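Here is the structure we will look at, set down as structure tokens.
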Amino acid sequence: NDVDSMEPVWRLSCAATAAAIANSITYPMDVVRTRLTLPDAGGPKYTGIASAFSSIIKNEGLATLWKGLRPTLYAVVPFVAVQQTSIDMLKNIAGERGIEPTPPVLLCVGGMAGIAAQSVVYPLDVLRRRMQLGPEATGSIVADRTWLALRTVVQKEGFRSLFSGIVPTFAKTIPAVGVAATVCVSTVNHFKAANKRAMNA
């Protein structure tokens with residue numbers, strides 16, 4: 001029955017590390033997706049995924065496929081940390097008040113955690129998209145260094161530009177995190193109960 005006080009730290013560290021590795025590996029595909037999603041951003045036209053990869057590497061260099069990775073990784077750790085911490089805290093608060101972790105409760109918990117996490121990291125997500133699109137779409141206002149780029153965007157477009165589009169992002173994040181939290185916790189509880197029944201049999 002001993003409780004490891006460092007368990008939350010291990011959970012956050014493992015989740016953040018896994019997210020950082022996964023993002024680093026799949027990031028080129030995210031860059032290509034952004035280019036294909038916004039064909040009128042001012043850059044070259046692509047006919048498909050292979051065409052986009054080939055054109056980007058040929059005209060902009062291989063390193064362009066990882067342009068904007070730094071702010072993405074900066075965003076991964078706090079997003080996972082805030083999201084996981086919020087879910088754990090809200091679950092504990094609900095448990096202390098006698099509220100069972102039913103799917104509707106978990107959906108609400110996950111949704112609120114998603115709002116908190118997305119609000120913290122959204123400016124870095126905006127910057128990541130700008131870096132992915134390249135100088136043709138951004139008017140060359142994005143620098144190579146993350147914090148310098150943030151300062152430049154604020155100076156030229158105002159602080160509110162860092163949160164441009166956050167409402168539709170909430171519309172995606174709230175149900176996504178809510179469903180993820182519901183499925184994850186419900187699945188873990190199911191297997192815990194099944195394991196307990198098996199041990200008592």
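Chain identifiers are assigned as A, B, and so on, following the order in which chains appear in the structure tokens; residues are numbered from 1 within each chain, and ligands are numbered from 1 in order of appearance.
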Subject >> Shell of 12 Å around stretch 167-174 of chain A, only C-alpha atoms, local chain residues under 5 positions omitted, as a PyMOL selection string >> reply: chain A and resi 79+83+106-119+121-123+125-126+179-181
**OP:** Looking only at helix (DSSP H, G or I) from DSSP on the backbone, list the matching residues of stretch 2-164 of chain A as an MDAnalysis selection string.
**Re:** chainID A and resid 7:37 49:60 62:66 69:96 103:133 135:138 146:157 159:163
Closest atom pairs, stretch 17-37 of chain A residues within 7 Å of stretch 55-75 of chain A, only C-alpha atoms, as CSV:
```
residue,atom,partner,partner_atom,distance
A:Ala20,CA,A:Leu73,CA,6.0
A:Tyr27,CA,A:Trp66,CA,6.3
A:Pro28,CA,A:Leu65,CA,4.6
A:Val31,CA,A:Leu65,CA,6.1
```
Let's have the selection written as a short mmCIF file (atom, residue, chain, number, x, y, z; two decimals), in the first residue's frame, with N, CA and C atoms.
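File again25.cif, as written:
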```
data_model
loop_
_atom_site.label_atom_id
_atom_site.label_comp_id
_atom_site.auth_asym_id
_atom_site.auth_seq_id
_atom_site.Cartn_x
_atom_site.Cartn_y
_atom_site.Cartn_z
N ALA A 20 8.12 13.37 -27.27
CA ALA A 20 9.21 14.05 -27.96
C ALA A 20 9.83 13.17 -29.03
N TYR A 27 7.71 14.20 -37.58
CA TYR A 27 7.56 15.62 -37.87
C TYR A 27 7.60 15.95 -39.37
N PRO A 28 8.50 15.34 -40.17
CA PRO A 28 8.48 15.64 -41.61
C PRO A 28 7.11 15.45 -42.25
N VAL A 31 5.00 18.46 -41.51
CA VAL A 31 5.35 19.59 -42.37
C VAL A 31 4.68 19.45 -43.73
#
```
**OP:** Could you tell me how far atom CA of A:Val183 lies from atom CA of A:Val80, in Å and to one decimal?
**Re:**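 Computing it gives 16.9 Å between the two atoms.
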Original post:
Which is closest to A:Gly178 among A:Thr85, A:Val77, A:Thr37, A:Pro103, if we use only C-alpha atoms?
Top reply: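 Among the listed residues, the smallest separation from A:Gly178 belongs to A:Pro103.
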Original post:
Hey, which of A:Arg151, A:Arg129, A:Arg33, A:Lys192 ends up closest to A:Tyr46? Count only C-alpha atoms.
Top reply: A:Arg33
Original post:
Could you state the separation of atom CA of A:Lys91 and atom CA of A:Phe191 in Å, given to one decimal place?
Top reply: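 Rounded to one decimal, the two atoms are 18.6 Å apart.
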Original post:
Quick one: of A:Leu150, A:Met89, A:Leu36, A:Val82, who's nearest to A:Ala15, counting only C-alpha atoms?
Top reply: A:Val82
**OP:** Using only C-alpha atoms, pick whichever of A:Ile87, A:Val120, A:Val76, A:Met199 has the shortest atom-to-atom distance to A:Ala16.
**Re:** A:Val76
